[in-house]
>>> print(open('coords.cif').read())   # mmCIF, C-alpha atoms
data_start
#
loop_
_atom_site.label_atom_id
_atom_site.label_comp_id
_atom_site.auth_asym_id
_atom_site.auth_seq_id
_atom_site.Cartn_x
_atom_site.Cartn_y
_atom_site.Cartn_z
CA MET G 21 84.06 106.03 127.80
CA ALA G 22 83.21 107.80 124.58
CA ASP G 23 85.76 107.98 121.76
CA ARG G 24 87.64 111.25 121.69
CA ASP G 25 86.74 113.02 118.52
CA TRP G 26 89.65 115.42 118.35
CA VAL G 27 92.66 114.79 116.20
CA LEU G 28 96.24 114.63 117.44
CA THR G 29 98.62 117.17 115.97
CA LYS G 30 101.45 116.05 113.74
CA GLU G 31 103.87 117.02 116.47
CA GLU G 32 102.07 114.87 119.05
CA ILE G 33 102.08 111.81 116.82
CA ASP G 34 105.71 112.29 115.83
CA ALA G 35 106.72 112.71 119.46
CA ALA G 36 104.94 109.47 120.38
CA LEU G 37 106.56 107.58 117.50
CA GLU G 38 109.99 108.96 118.36
CA ALA G 39 109.49 108.00 122.01
CA ARG G 40 108.81 104.42 120.91
CA HIS G 41 111.27 104.06 118.03
CA SER G 42 113.96 106.73 118.64
CA ARG G 43 114.39 109.86 116.56
CA THR G 44 116.96 108.39 114.16
CA VAL G 45 114.79 105.40 113.33
CA GLN G 46 111.72 107.56 112.98
CA GLU G 47 113.40 109.93 110.55
CA ARG G 48 114.23 106.99 108.31
CA LEU G 49 110.71 105.58 108.51
CA ARG G 50 109.18 109.01 107.88
CA ALA G 51 111.30 109.39 104.74
CA GLY G 52 110.35 105.90 103.50
CA LYS G 53 108.47 105.46 100.25
CA VAL G 54 106.77 102.11 99.80
CA ALA G 55 104.30 100.85 97.20
CA VAL G 56 101.88 98.09 98.16
CA ALA G 57 100.53 96.24 95.12
CA GLY G 58 97.39 94.30 96.02
CA LEU G 59 95.33 95.22 99.07
CA GLY G 60 94.02 91.84 100.17
CA GLY G 61 95.09 89.75 103.14
CA LEU G 62 98.76 90.54 102.61
CA GLY G 63 98.62 94.12 101.37
CA SER G 64 96.03 95.48 103.79
CA ASN G 65 97.97 94.05 106.75
CA VAL G 66 101.31 95.28 105.41
CA ALA G 67 99.91 98.78 104.87
CA VAL G 68 98.40 98.95 108.38
CA SER G 69 101.72 97.87 109.94
CA LEU G 70 103.71 100.41 107.94
CA ALA G 71 101.22 103.19 108.70
CA ARG G 72 101.38 102.41 112.43
CA ILE G 73 105.16 102.77 112.56
CA GLY G 74 104.93 106.01 110.60
CA VAL G 75 106.31 105.11 107.16
CA GLY G 76 105.82 108.50 105.56
CA HIS G 77 104.83 107.76 101.97
CA LEU G 78 102.58 104.88 101.02
CA HIS G 79 101.27 104.07 97.56
CA LEU G 80 98.27 101.72 97.58
CA VAL G 81 97.37 99.90 94.35
CA ASP G 82 94.36 97.65 93.78
CA PHE G 83 91.44 97.54 91.34
CA ASP G 84 89.02 95.57 93.50
CA ARG G 85 86.16 96.31 95.88
CA VAL G 86 85.71 95.02 99.43
CA ASP G 87 83.71 91.78 99.43
CA VAL G 88 82.10 89.81 102.26
CA THR G 89 84.58 86.96 101.65
CA ASN G 90 87.47 89.32 102.44
CA LEU G 91 86.46 89.81 106.06
CA ASN G 92 88.06 86.52 107.22
CA ARG G 93 91.55 87.95 106.78
CA GLN G 94 91.69 91.44 105.32
CA GLN G 95 91.74 94.72 107.23
CA TYR G 96 88.28 95.88 106.22
CA PHE G 97 84.94 96.21 107.97
CA MET G 98 81.37 95.22 107.14
CA ARG G 99 80.42 98.85 106.54
CA GLN G 100 83.04 99.04 103.76
CA ILE G 101 81.65 96.20 101.62
CA GLY G 102 81.30 97.35 98.01
CA ARG G 103 83.81 100.17 98.33
CA TYR G 104 87.09 100.29 96.47
CA LYS G 105 89.85 98.85 98.63
CA THR G 106 92.11 101.79 97.82
CA ASP G 107 89.58 104.24 99.27
CA ALA G 108 88.57 102.06 102.25
CA LEU G 109 92.16 101.36 103.27
CA LYS G 110 93.36 104.92 102.81
CA GLU G 111 90.62 106.11 105.17
CA GLU G 112 91.64 103.57 107.78
CA LEU G 113 95.32 104.45 107.56
CA LEU G 114 94.50 108.13 107.97
CA GLU G 115 92.58 107.27 111.12
CA ILE G 116 95.81 105.80 112.48
CA ASN G 117 97.95 108.72 111.31
CA PRO G 118 96.35 111.58 109.35
CA TYR G 119 99.74 113.07 108.44
CA LEU G 120 100.91 110.24 106.21
CA ASP G 121 101.25 110.90 102.50
CA ILE G 122 99.04 108.23 100.95
CA ARG G 123 98.62 107.93 97.21
CA THR G 124 96.15 105.49 95.68
CA ASP G 125 95.73 104.00 92.22
CA CYS G 126 92.56 102.05 91.63
CA VAL G 127 93.82 100.05 88.65
CA ARG G 128 94.79 96.52 87.68
CA VAL G 129 98.58 96.30 87.39
CA THR G 130 99.73 95.10 83.98
CA GLU G 131 103.02 94.76 82.16
CA GLU G 132 102.02 97.89 80.27
CA ASN G 133 101.28 100.23 83.20
CA LEU G 134 103.77 98.84 85.72
CA GLU G 135 106.61 101.14 84.74
CA ALA G 136 104.51 104.29 85.03
CA LEU G 137 102.87 103.17 88.30
CA PHE G 138 105.96 102.41 90.35
CA GLN G 139 108.28 105.30 89.45
CA GLU G 140 108.36 106.91 92.87
CA GLU G 141 108.97 104.24 95.47
CA GLU G 142 112.23 102.60 96.44
CA ILE G 143 110.52 99.46 97.71
CA VAL G 144 107.61 97.62 96.08
CA CYS G 145 105.63 95.10 98.14
CA GLU G 146 104.05 92.38 96.00
CA ALA G 147 100.82 91.41 97.74
CA PHE G 148 98.72 89.89 94.96
CA ASP G 149 96.64 86.75 95.20
CA ASP G 150 97.09 85.28 91.73
CA PRO G 151 100.39 83.47 91.04
CA GLU G 152 100.69 84.79 87.48
CA CYS G 153 100.16 88.37 88.69
CA LYS G 154 102.82 87.81 91.35
CA ALA G 155 105.29 86.57 88.74
CA MET G 156 104.42 89.41 86.36
CA LEU G 157 105.06 92.09 88.99
CA VAL G 158 108.28 90.57 90.34
CA ASN G 159 109.72 90.08 86.84
CA GLY G 160 108.56 93.52 85.75
CA ILE G 161 110.04 95.42 88.69
CA LEU G 162 113.37 93.58 88.59
CA GLU G 163 113.70 93.99 84.83
CA ARG G 164 112.68 97.63 84.54
CA PHE G 165 113.93 99.10 87.82
CA PRO G 166 117.33 97.61 88.57
CA GLU G 167 117.69 99.85 91.64
CA LYS G 168 114.38 99.06 93.33
CA ILE G 169 113.73 96.32 95.86
CA ILE G 170 110.79 93.95 95.51
CA VAL G 171 109.43 92.17 98.58
CA SER G 172 107.17 89.35 97.49
CA ALA G 173 105.18 86.51 99.09
CA SER G 174 104.31 82.97 98.12
CA GLY G 175 102.72 80.23 100.23
CA MET G 176 100.61 81.25 103.23
CA ALA G 177 97.31 79.33 102.90
CA GLY G 178 95.85 77.27 105.74
CA TYR G 179 96.60 77.42 109.46
CA GLY G 180 99.34 76.39 111.87
CA GLN G 181 102.98 75.80 110.88
CA SER G 182 103.92 79.39 111.58
CA ASN G 183 107.61 78.58 111.49
CA GLU G 184 107.44 77.30 107.92
CA ILE G 185 106.87 80.89 106.87
CA ARG G 186 110.19 82.63 106.46
CA THR G 187 111.93 85.48 104.67
CA ARG G 188 114.59 84.66 102.10
CA LYS G 189 116.80 86.83 99.96
CA ILE G 190 116.58 85.39 96.45
CA GLY G 191 118.72 87.92 94.60
CA LYS G 192 120.28 91.32 95.06
CA ASN G 193 116.94 93.18 95.05
CA PHE G 194 114.46 90.31 95.47
CA TYR G 195 113.13 89.02 98.79
CA LEU G 196 110.52 86.30 99.21
CA CYS G 197 108.33 85.61 102.25
CA GLY G 198 106.11 82.59 102.83
CA ASP G 199 106.46 78.81 102.98
CA GLY G 200 106.72 78.59 99.20
CA VAL G 201 104.18 75.78 98.84
CA SER G 202 100.83 76.34 100.60
CA ASP G 203 98.65 77.15 97.61
CA SER G 204 95.24 78.70 98.19
CA GLY G 205 94.02 76.71 95.18
CA ASN G 206 94.54 73.34 96.86
CA GLY G 207 91.34 73.35 98.89
CA MET G 208 92.91 74.98 101.94
CA GLY G 209 91.73 78.55 102.09
CA LEU G 210 93.46 81.65 103.30
CA MET G 211 92.91 82.52 106.97
CA ALA G 212 93.66 85.66 108.95
CA PRO G 213 96.30 84.27 111.33
CA ARG G 214 98.63 82.67 108.79
CA VAL G 215 98.20 85.36 106.14
CA ALA G 216 99.01 87.92 108.85
CA VAL G 217 102.17 85.98 109.77
CA CYS G 218 103.29 86.26 106.15
CA ALA G 219 102.24 89.90 105.86
CA GLY G 220 104.18 90.50 109.07
CA HIS G 221 107.27 89.04 107.41
CA GLU G 222 106.88 91.39 104.46
CA ALA G 223 106.25 94.48 106.62
CA ASN G 224 109.03 93.57 109.05
CA LEU G 225 111.53 93.18 106.22
CA ILE G 226 110.45 96.50 104.74
CA ALA G 227 110.98 98.15 108.13
CA GLU G 228 114.45 96.64 108.28
CA LEU G 229 115.31 97.83 104.78
CA LEU G 230 114.12 101.34 105.58
CA ILE G 231 115.91 101.55 108.92
CA ASP G 232 119.17 99.70 108.23
CA GLY G 233 119.47 100.18 104.47
CA ARG G 234 119.64 97.50 101.84
CA ASP G 235 123.03 96.22 102.98
CA GLY G 236 122.77 96.91 106.66
CA GLY G 237 120.13 94.51 107.89
CA GLN G 238 120.48 91.07 109.46
CA THR G 239 118.06 89.23 107.18
CA ASP G 240 120.72 88.42 104.56
CA LYS G 241 123.15 87.20 107.18
CA ASN G 242 120.64 84.91 108.85
CA ASP G 243 119.60 83.44 105.54
CA ASP G 244 119.85 79.67 105.61
CA LYS G 245 119.55 79.04 101.91
CA MET E 19 124.98 73.97 88.69
CA LYS E 20 123.15 75.00 91.82
CA VAL E 21 119.38 75.26 91.55
CA ASN E 22 117.44 76.54 94.56
CA GLY E 23 120.33 75.52 96.80
CA GLU E 24 120.68 71.98 95.39
CA GLU E 25 123.60 70.74 93.32
CA LYS E 26 122.65 69.53 89.84
CA VAL E 27 124.98 68.25 87.16
CA LEU E 28 124.30 69.35 83.62
CA GLU E 29 125.13 66.57 81.18
CA LYS E 30 125.38 69.10 78.37
CA GLU E 31 124.74 72.74 77.74
CA ILE E 32 121.05 73.43 77.79
CA LEU E 33 118.86 76.43 77.18
CA LEU E 34 117.07 77.84 80.20
CA SER E 35 113.75 77.42 78.39
CA GLU E 36 114.49 73.70 77.81
CA TYR E 37 115.59 73.19 81.40
CA LEU E 38 112.43 74.82 82.78
CA GLU E 39 110.24 72.69 80.54
CA GLN E 40 112.13 69.52 81.44
CA GLU E 41 111.65 70.27 85.15
CA GLY E 42 107.95 70.97 84.68
CA TYR E 43 107.87 74.64 85.61
CA GLN E 44 104.90 76.76 84.50
CA THR E 45 106.65 79.72 82.96
CA GLY E 46 103.75 82.09 83.63
CA ARG E 47 104.23 81.64 87.38
CA ILE E 48 107.96 81.89 87.82
CA ALA E 49 110.83 84.31 88.23
CA VAL E 50 114.38 83.18 87.49
CA GLU E 51 117.55 84.70 88.83
CA ARG E 52 120.96 83.55 87.67
CA ASN E 53 123.97 84.55 89.78
CA GLY E 54 121.80 87.14 91.52
CA GLU E 55 120.40 88.81 88.40
CA ILE E 56 116.89 88.48 86.99
CA ILE E 57 116.59 86.81 83.62
CA PRO E 58 113.87 88.52 81.57
CA LYS E 59 111.25 86.10 80.24
CA ARG E 60 112.03 87.08 76.65
CA ASN E 61 115.59 85.81 77.17
CA TYR E 62 114.69 82.30 78.39
CA LYS E 63 115.16 80.90 74.89
CA ALA E 64 118.52 82.62 74.45
CA THR E 65 120.06 81.83 77.85
CA ILE E 66 122.47 78.90 77.99
CA LEU E 67 123.01 77.34 81.41
CA HIS E 68 126.48 76.44 82.63
CA ASN E 69 127.64 74.12 85.40
CA ASP E 70 128.99 77.01 87.46
CA ASP E 71 125.67 78.89 87.43
CA VAL E 72 123.70 79.53 90.58
CA LEU E 73 120.04 79.50 89.64
CA GLU E 74 117.04 80.50 91.73
CA VAL E 75 113.72 79.53 90.21
CA VAL E 76 110.84 80.92 92.25
CA SER E 77 107.55 79.26 91.43
CA PHE E 78 104.69 81.30 92.86
CA VAL E 79 101.63 79.70 94.43
CA GLY E 80 98.30 81.45 94.90
CA GLY E 81 97.18 83.37 97.94
CA GLY E 82 97.35 86.83 99.37
#
>>> encode(input="coords.cif", output="structure tokens")
Amino acid sequence: MADRDWVLTKEEIDAALEARHSRTVQERLRAGKVAVAGLGGLGSNVAVSLARIGVGHLHLVDFDRVDVTNLNRQQYFMRQIGRYKTDALKEELLEINPYLDIRTDCVRVTEENLEALFQEEEIVCEAFDDPECKAMLVNGILERFPEKIIVSASGMAGYGQSNEIRTRKIGKNFYLCGDGVSDSGNGMGLMAPRVAVCAGHEANLIAELLIDGRDGGQTDKNDDK
Amino acid sequence: MKVNGEEKVLEKEILLSEYLEQEGYQTGRIAVERNGEIIPKRNYKATILHNDDVLEVVSFVGGG
């Protein structure tokens, strides 16, 4: 059967989302504003998940272009190689839901531009690859935006051991997903299944924070730290 | 003092910067929260640790 080339109306998509998620939940997701910093294996998967459930405002930040070595785990296609990840991913998300408000910034996040970049969103998802960039963003957001929540990830290289990947609340506004130890630099590369498990933790926590509020979710209560 | 969920006894007052060095942390890759609040990197050398502190030192590894 050929693909249908017409576009659903906003009302049709919203009705479908509300049928799946309930109207109350959908209103909260639709009002959600989330920044995704880094659009690799974590960030591209997080953004796709959030777009699918209808999170209304997404801010995608990355400086890099799609490379052939990304295809083992990131949500890009061969035809997109060489394109900026911000542009490639925005197009994909709009194919899922053309009525989302998607802002992109094709820049490298630094200590200097971080404050200007992340003014708008209540939740920032750290999805970088480099450990020093991860630390810089987490420290920067927590120091400069005491009211924002940062959802970060560390330790998702390799395969198997799905249950070692978990979500922990580190501080009032700081959550960390991952196993904490599986370093991509130790000879074990990053692979789609395990990176997606970790990205799923980040996206699932963000959904919980948007739906239940920062004090209403179960993640804190189930924390075994 | 509690560090990452484990009890540690401080023999004497120590600066956070000294503690992190003693424990072998790479300061470029970490975030430190004390009693639920972030400690800015510029304050590591001015922060004195106490035995009733609850410290979370997150040491990031690569991958994303």
>>> closest_atom_pairs(input="coords.cif", of="chain E", to="chain G", cutoff="7 Å", atoms="all atoms listed in the file", output="tab-separated table")
residue	atom	partner	partner_atom	distance
E:Gly23	CA	G:Lys245	CA	6.3
E:Gly46	CA	G:Glu152	CA	5.6
E:Arg47	CA	G:Glu152	CA	4.7
E:Ile48	CA	G:Ala155	CA	5.5
E:Ala49	CA	G:Ala155	CA	6.0
E:Glu51	CA	G:Gly191	CA	6.7
E:Gly54	CA	G:Gly191	CA	4.4
E:Glu55	CA	G:Gly191	CA	6.5
E:Ile56	CA	G:Leu162	CA	6.4
E:Pro58	CA	G:Glu163	CA	6.4
E:Glu74	CA	G:Ile190	CA	6.8
E:Phe78	CA	G:Pro151	CA	5.1
E:Val79	CA	G:Asp203	CA	5.0
E:Gly80	CA	G:Pro151	CA	4.8
E:Gly81	CA	G:Asp149	CA	4.4
E:Gly82	CA	G:Asp149	CA	4.2
>>> atom_distance(input="coords.cif", atom1="CA of Leu73 (chain E)", atom2="CA of Val21 (chain E)")
4.7 Å
>>> residues_around(input="coords.cif", residues="Lys63 (chain E)", least_positions_apart="3", cutoff="12 Å", atoms="only C-alpha atoms", output="list in words")
Ile32, Leu33, Leu34, Ser35, Glu36, Tyr37, Leu38, Glu39, Thr45, Ile57, Pro58, Lys59, Arg60, Ile66 and Leu67 of chain E
>>> write_last_selection(input="coords.cif", atoms="C-alpha atoms", output="PDB file, keeping the file's coordinate frame")
ATOM      1  CA  ILE E  32     121.050  73.430  77.790  1.00  0.00           C
ATOM      2  CA  LEU E  33     118.860  76.430  77.180  1.00  0.00           C
ATOM      3  CA  LEU E  34     117.070  77.840  80.200  1.00  0.00           C
ATOM      4  CA  SER E  35     113.750  77.420  78.390  1.00  0.00           C
ATOM      5  CA  GLU E  36     114.490  73.700  77.810  1.00  0.00           C
ATOM      6  CA  TYR E  37     115.590  73.190  81.400  1.00  0.00           C
ATOM      7  CA  LEU E  38     112.430  74.820  82.780  1.00  0.00           C
ATOM      8  CA  GLU E  39     110.240  72.690  80.540  1.00  0.00           C
ATOM      9  CA  THR E  45     106.650  79.720  82.960  1.00  0.00           C
ATOM     10  CA  ILE E  57     116.590  86.810  83.620  1.00  0.00           C
ATOM     11  CA  PRO E  58     113.870  88.520  81.570  1.00  0.00           C
ATOM     12  CA  LYS E  59     111.250  86.100  80.240  1.00  0.00           C
ATOM     13  CA  ARG E  60     112.030  87.080  76.650  1.00  0.00           C
ATOM     14  CA  ILE E  66     122.470  78.900  77.990  1.00  0.00           C
ATOM     15  CA  LEU E  67     123.010  77.340  81.410  1.00  0.00           C
TER      16      LEU E  67
END
>>> atom_distance(input="coords.cif", atom1="CA of Arg52 (chain E)", atom2="CA of Val144 (chain G)")
21.1 Å
>>> atom_distance(input="coords.cif", atom1="CA of Val75 (chain G)", atom2="CA of Leu120 (chain G)")
7.5 Å
>>> residues_near_point(input="coords.cif", point="(130.1, 79.1, 87.7)", cutoff="10 Å", atoms="only C-alpha atoms", output="PDB file with C-alpha atoms, in the frame of the given file")
ATOM      1  CA  MET E  19     124.980  73.970  88.690  1.00  0.00           C
ATOM      2  CA  LYS E  20     123.150  75.000  91.820  1.00  0.00           C
ATOM      3  CA  ASN E  53     123.970  84.550  89.780  1.00  0.00           C
ATOM      4  CA  LEU E  67     123.010  77.340  81.410  1.00  0.00           C
ATOM      5  CA  HIS E  68     126.480  76.440  82.630  1.00  0.00           C
ATOM      6  CA  ASN E  69     127.640  74.120  85.400  1.00  0.00           C
ATOM      7  CA  ASP E  70     128.990  77.010  87.460  1.00  0.00           C
ATOM      8  CA  ASP E  71     125.670  78.890  87.430  1.00  0.00           C
ATOM      9  CA  VAL E  72     123.700  79.530  90.580  1.00  0.00           C
TER      10      VAL E  72
END
>>> resolve_selection(input="coords.cif", expression="the PyMOL selection byres ((chain G and resi 83) around 12)", output="list in words")
Ala57, Gly58, Leu59, Gly60, Leu80, Val81, Asp82, Asp84, Arg85, Val86, Arg103, Tyr104, Lys105, Thr106, Asp107, Thr124, Asp125, Cys126, Val127, Arg128, Val129, Thr130 and Phe148 of chain G
>>> resolve_selection(input="coords.cif", expression="the PyMOL selection byres ((chain G and resi 88) around 9)", output="compact mmCIF listing (two decimals) with C-alpha atoms, in the frame of the given file")
# COMPACT_ATOMS: atom_id res chain seq x y z
CA VAL G 86 85.71 95.02 99.43
CA ASP G 87 83.71 91.78 99.43
CA THR G 89 84.58 86.96 101.65
CA ASN G 90 87.47 89.32 102.44
CA LEU G 91 86.46 89.81 106.06
CA ASN G 92 88.06 86.52 107.22
CA MET G 98 81.37 95.22 107.14
CA ILE G 101 81.65 96.20 101.62
CA GLY G 102 81.30 97.35 98.01
>>> residues_around(input="coords.cif", residues="region 34-44 of chain G", least_positions_apart="3", cutoff="9 Å", atoms="all atoms listed in the file", output="list in words")
Thr29, Lys30, Glu31, Glu47, Arg48, Leu49, Arg72, Ile73, Gly74 and Ile231 of chain G
>>> axis_aligned_box(input="coords.cif", around="region 51-68 of chain E", padding_each_side="3 Å", output="lines of an AutoDock Vina configuration file")
center_x = 118.9
center_y = 82.6
center_z = 83.0
size_x = 21.2
size_y = 18.4
size_z = 23.1
>>> closest_residue(input="coords.cif", among="G:Lys53, G:Arg123, G:His221, G:Arg186", to="Val66 (chain G)", atoms="all atoms listed in the file")
G:His221
